[in-house]
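Everything below concerns the one structure shown next.
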Amino acid sequence: QVQVVESGGGLVQAGGSLRLSCTNSGRTFNSYVLGWYRQAPGKQREFVAALTTWSQRITIDTNYADSVRGRFTVSRDTTKNTVYLQMNSLKPEDTAVYYCALRLGDPGGVVVSTDRSYAYWGQGTQVTVSS
């Protein structure tokens, strides 16, 4: 059974940084999309960033929501089956529960910013940015 688990959330002052991690169940997948989403209190869940990888390609694709582009960076460590979300220049409006989500298989044609594209979701990790 595939499982993804987030970690790394916490409390940080505005302007600070945090790095979230998303680790899968220990298996290695060659083609997948790993998305990051967040949900603030009283708001709908929204897309943050995604990392796409193909088995036949060395390079990866990354996508970002406009609200985080230039501040957040998604990356991976294949040796640890982990995808990271580095969050810099954090703002109070970044406060939310952050989720990672995984879609396995050929990512061709996948809309990475649509949560219905993902089959596996983590339990979420709280990020709080104080002003």
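Residues in the structure tokens are numbered from 1 in each chain, the chains being A, B, ... in the order shown, and ligands are numbered from 1 in the order shown.
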
Which polymer residues have any atom within 9 Å of an atom of region 40-43 of chain A, counting only C-alpha atoms, with same-chain residues fewer than 5 positions away left out, as a list in words? Glu93, Asp94, Thr95, Ala96, Val97 and Tyr98 of chain A

Same residues, N, CA, C and O atoms, saved as an mmCIF file, in the first residue's frame:
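So part.cif came out as:
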```
data_model
loop_
_atom_site.group_PDB
_atom_site.id
_atom_site.type_symbol
_atom_site.label_atom_id
_atom_site.label_comp_id
_atom_site.auth_asym_id
_atom_site.auth_seq_id
_atom_site.Cartn_x
_atom_site.Cartn_y
_atom_site.Cartn_z
ATOM 1 N N GLU A 93 0.081 35.005 5.348
ATOM 2 C CA GLU A 93 -0.931 34.371 4.499
ATOM 3 C C GLU A 93 -0.515 32.988 4.006
ATOM 4 O O GLU A 93 -1.309 32.293 3.374
ATOM 5 N N ASP A 94 0.713 32.574 4.293
ATOM 6 C CA ASP A 94 1.133 31.211 3.986
ATOM 7 C C ASP A 94 0.704 30.221 5.068
ATOM 8 O O ASP A 94 0.887 29.012 4.906
ATOM 9 N N THR A 95 0.152 30.730 6.152
ATOM 10 C CA THR A 95 -0.308 29.874 7.240
ATOM 11 C C THR A 95 -1.395 28.934 6.750
ATOM 12 O O THR A 95 -2.398 29.375 6.187
ATOM 13 N N ALA A 96 -1.186 27.639 6.961
ATOM 14 C CA ALA A 96 -2.130 26.637 6.486
ATOM 15 C C ALA A 96 -1.633 25.258 6.900
ATOM 16 O O ALA A 96 -0.500 25.098 7.363
ATOM 17 N N VAL A 97 -2.491 24.278 6.697
ATOM 18 C CA VAL A 97 -2.055 22.894 6.749
ATOM 19 C C VAL A 97 -1.587 22.522 5.346
ATOM 20 O O VAL A 97 -2.319 22.723 4.371
ATOM 21 N N TYR A 98 -0.386 22.013 5.267
ATOM 22 C CA TYR A 98 0.212 21.655 3.982
ATOM 23 C C TYR A 98 0.150 20.136 3.791
ATOM 24 O O TYR A 98 0.497 19.373 4.704
#
```

Spatial neighbours of Asp106 (chain A), 10 Å, only C-alpha atoms, chain gap at least 3 places, as JSON, numbers by chain: {"A": [30, 31, 32, 33, 52, 53, 54, 55, 103, 109, 110]}

Determine which residues of region 24-118 of chain A receive a DSSP assignment of helix (DSSP H, G or I), computed from the backbone, and state them as JSON, numbers by chain. {"A": [78, 79, 80, 92, 93, 94, 115, 116, 117]}

Dump as a compact mmCIF listing (two decimals), in the first residue's frame, selection limited to N, CA and C atoms:
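File produced: selection.txt:
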```
# COMPACT_ATOMS: atom_id res chain seq x y z
N THR A 78 16.26 11.32 -4.51
CA THR A 78 15.84 9.98 -4.90
C THR A 78 16.39 8.91 -3.97
N THR A 79 17.51 9.18 -3.33
CA THR A 79 18.10 8.18 -2.43
C THR A 79 17.26 8.02 -1.17
N LYS A 80 16.44 9.01 -0.87
CA LYS A 80 15.61 8.97 0.33
C LYS A 80 14.12 8.86 0.02
N PRO A 92 2.47 35.77 6.59
CA PRO A 92 1.35 35.26 7.40
C PRO A 92 0.28 34.56 6.56
N GLU A 93 0.08 35.01 5.35
CA GLU A 93 -0.93 34.37 4.50
C GLU A 93 -0.52 32.99 4.01
N ASP A 94 0.71 32.57 4.29
CA ASP A 94 1.13 31.21 3.99
C ASP A 94 0.70 30.22 5.07
N ASP A 115 -6.52 18.77 -7.79
CA ASP A 115 -6.33 17.77 -6.73
C ASP A 115 -6.90 16.41 -7.12
N ARG A 116 -7.82 16.38 -8.08
CA ARG A 116 -8.34 15.09 -8.51
C ARG A 116 -7.32 14.28 -9.27
N SER A 117 -6.19 14.88 -9.62
CA SER A 117 -5.13 14.15 -10.32
C SER A 117 -4.37 13.20 -9.40
```

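CA of Tyr118 (chain A) lies 12.4 Å from CA of Leu51 (chain A).
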
Run DSSP on the backbone and grab whatever in chain A lands in strand (DSSP E); send it over as a VMD selection string. chain A and resid 4 to 7 10 to 13 18 to 24 32 to 39 46 to 53 60 to 64 72 to 77 82 to 87 96 to 104 120 to 121 125 to 130

Kindly save the residues from that selection, with C-alpha atoms included, as a PDB file, in the first residue's frame.
```pdb
ATOM      1  CA  VAL A   4       2.947   9.503   1.817  1.00  0.00           C
ATOM      2  CA  VAL A   5       3.890  11.329   4.986  1.00  0.00           C
ATOM      3  CA  GLU A   6       4.638  15.012   5.443  1.00  0.00           C
ATOM      4  CA  SER A   7       6.914  16.506   8.050  1.00  0.00           C
ATOM      5  CA  GLY A  10       6.068  24.516  12.536  1.00  0.00           C
ATOM      6  CA  LEU A  11       5.880  28.104  13.715  1.00  0.00           C
ATOM      7  CA  VAL A  12       8.063  30.720  12.063  1.00  0.00           C
ATOM      8  CA  GLN A  13       8.159  34.498  11.929  1.00  0.00           C
ATOM      9  CA  LEU A  18      10.822  26.202   6.579  1.00  0.00           C
ATOM     10  CA  ARG A  19      11.444  23.027   4.648  1.00  0.00           C
ATOM     11  CA  LEU A  20       8.711  20.455   4.367  1.00  0.00           C
ATOM     12  CA  SER A  21       9.409  16.858   3.479  1.00  0.00           C
ATOM     13  CA  CYS A  22       7.182  14.281   1.850  1.00  0.00           C
ATOM     14  CA  THR A  23       8.304  10.685   2.028  1.00  0.00           C
ATOM     15  CA  ASN A  24       6.562   7.814   0.310  1.00  0.00           C
ATOM     16  CA  TYR A  32       5.051  10.225 -10.802  1.00  0.00           C
ATOM     17  CA  VAL A  33       3.730  13.622  -9.905  1.00  0.00           C
ATOM     18  CA  LEU A  34       4.181  14.848  -6.349  1.00  0.00           C
ATOM     19  CA  GLY A  35       2.021  17.811  -5.526  1.00  0.00           C
ATOM     20  CA  TRP A  36       1.940  20.168  -2.570  1.00  0.00           C
ATOM     21  CA  TYR A  37      -1.351  21.676  -1.476  1.00  0.00           C
ATOM     22  CA  ARG A  38      -2.425  23.795   1.452  1.00  0.00           C
ATOM     23  CA  GLN A  39      -5.624  24.628   3.230  1.00  0.00           C
ATOM     24  CA  GLU A  46      -5.277  25.162  -3.012  1.00  0.00           C
ATOM     25  CA  PHE A  47      -2.417  24.042  -5.193  1.00  0.00           C
ATOM     26  CA  VAL A  48       1.050  25.181  -4.139  1.00  0.00           C
ATOM     27  CA  ALA A  49       3.645  23.342  -6.212  1.00  0.00           C
ATOM     28  CA  ALA A  50       4.328  20.091  -8.032  1.00  0.00           C
ATOM     29  CA  LEU A  51       7.265  18.000  -9.160  1.00  0.00           C
ATOM     30  CA  THR A  52       6.920  15.714 -12.170  1.00  0.00           C
ATOM     31  CA  THR A  53       9.333  12.994 -13.145  1.00  0.00           C
ATOM     32  CA  ILE A  60      12.192  16.931 -13.763  1.00  0.00           C
ATOM     33  CA  ASP A  61       9.465  19.511 -14.231  1.00  0.00           C
ATOM     34  CA  THR A  62       8.301  21.841 -11.501  1.00  0.00           C
ATOM     35  CA  ASN A  63       5.181  23.976 -11.297  1.00  0.00           C
ATOM     36  CA  TYR A  64       4.215  26.664  -8.834  1.00  0.00           C
ATOM     37  CA  PHE A  72       9.070  28.255  -2.702  1.00  0.00           C
ATOM     38  CA  THR A  73      11.142  25.548  -4.348  1.00  0.00           C
ATOM     39  CA  VAL A  74      10.256  21.903  -4.816  1.00  0.00           C
ATOM     40  CA  SER A  75      13.023  19.340  -5.159  1.00  0.00           C
ATOM     41  CA  ARG A  76      13.685  15.665  -4.548  1.00  0.00           C
ATOM     42  CA  ASP A  77      16.221  13.288  -3.095  1.00  0.00           C
ATOM     43  CA  THR A  82      11.654  12.204  -0.455  1.00  0.00           C
ATOM     44  CA  VAL A  83      10.365  15.371  -2.073  1.00  0.00           C
ATOM     45  CA  TYR A  84      10.982  18.699  -0.373  1.00  0.00           C
ATOM     46  CA  LEU A  85       9.203  22.017  -0.357  1.00  0.00           C
ATOM     47  CA  GLN A  86      11.615  24.753   0.619  1.00  0.00           C
ATOM     48  CA  MET A  87       9.651  27.803   1.710  1.00  0.00           C
ATOM     49  CA  ALA A  96      -2.130  26.637   6.486  1.00  0.00           C
ATOM     50  CA  VAL A  97      -2.055  22.894   6.749  1.00  0.00           C
ATOM     51  CA  TYR A  98       0.212  21.655   3.982  1.00  0.00           C
ATOM     52  CA  TYR A  99      -0.416  18.348   2.247  1.00  0.00           C
ATOM     53  CA  CYS A 100       1.577  16.320  -0.206  1.00  0.00           C
ATOM     54  CA  ALA A 101      -0.178  14.196  -2.769  1.00  0.00           C
ATOM     55  CA  LEU A 102       1.089  11.526  -5.117  1.00  0.00           C
ATOM     56  CA  ARG A 103       0.053  10.361  -8.533  1.00  0.00           C
ATOM     57  CA  LEU A 104       1.838   7.303  -9.908  1.00  0.00           C
ATOM     58  CA  TYR A 120      -2.547   9.319  -2.405  1.00  0.00           C
ATOM     59  CA  TRP A 121      -2.587  12.055   0.221  1.00  0.00           C
ATOM     60  CA  THR A 125       1.526  19.314   8.518  1.00  0.00           C
ATOM     61  CA  GLN A 126       0.741  22.683  10.072  1.00  0.00           C
ATOM     62  CA  VAL A 127       2.683  25.755   9.026  1.00  0.00           C
ATOM     63  CA  THR A 128       2.073  28.920  11.017  1.00  0.00           C
ATOM     64  CA  VAL A 129       3.696  32.229  10.081  1.00  0.00           C
ATOM     65  CA  SER A 130       3.481  34.961  12.666  1.00  0.00           C
TER      66      SER A 130
END
```

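Across A:Thr28, A:Ser113, A:Val2, A:Ser131, the tightest approach to Leu90 (chain A) is made by A:Ser131 when counting only C-alpha atoms.
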
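The coordinates place CA of Thr59 (chain A) at 13.6 Å from CA of Pro107 (chain A).
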
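Coordinates place CA of Lys91 (chain A) at a distance of 17.6 Å from CA of Arg45 (chain A).
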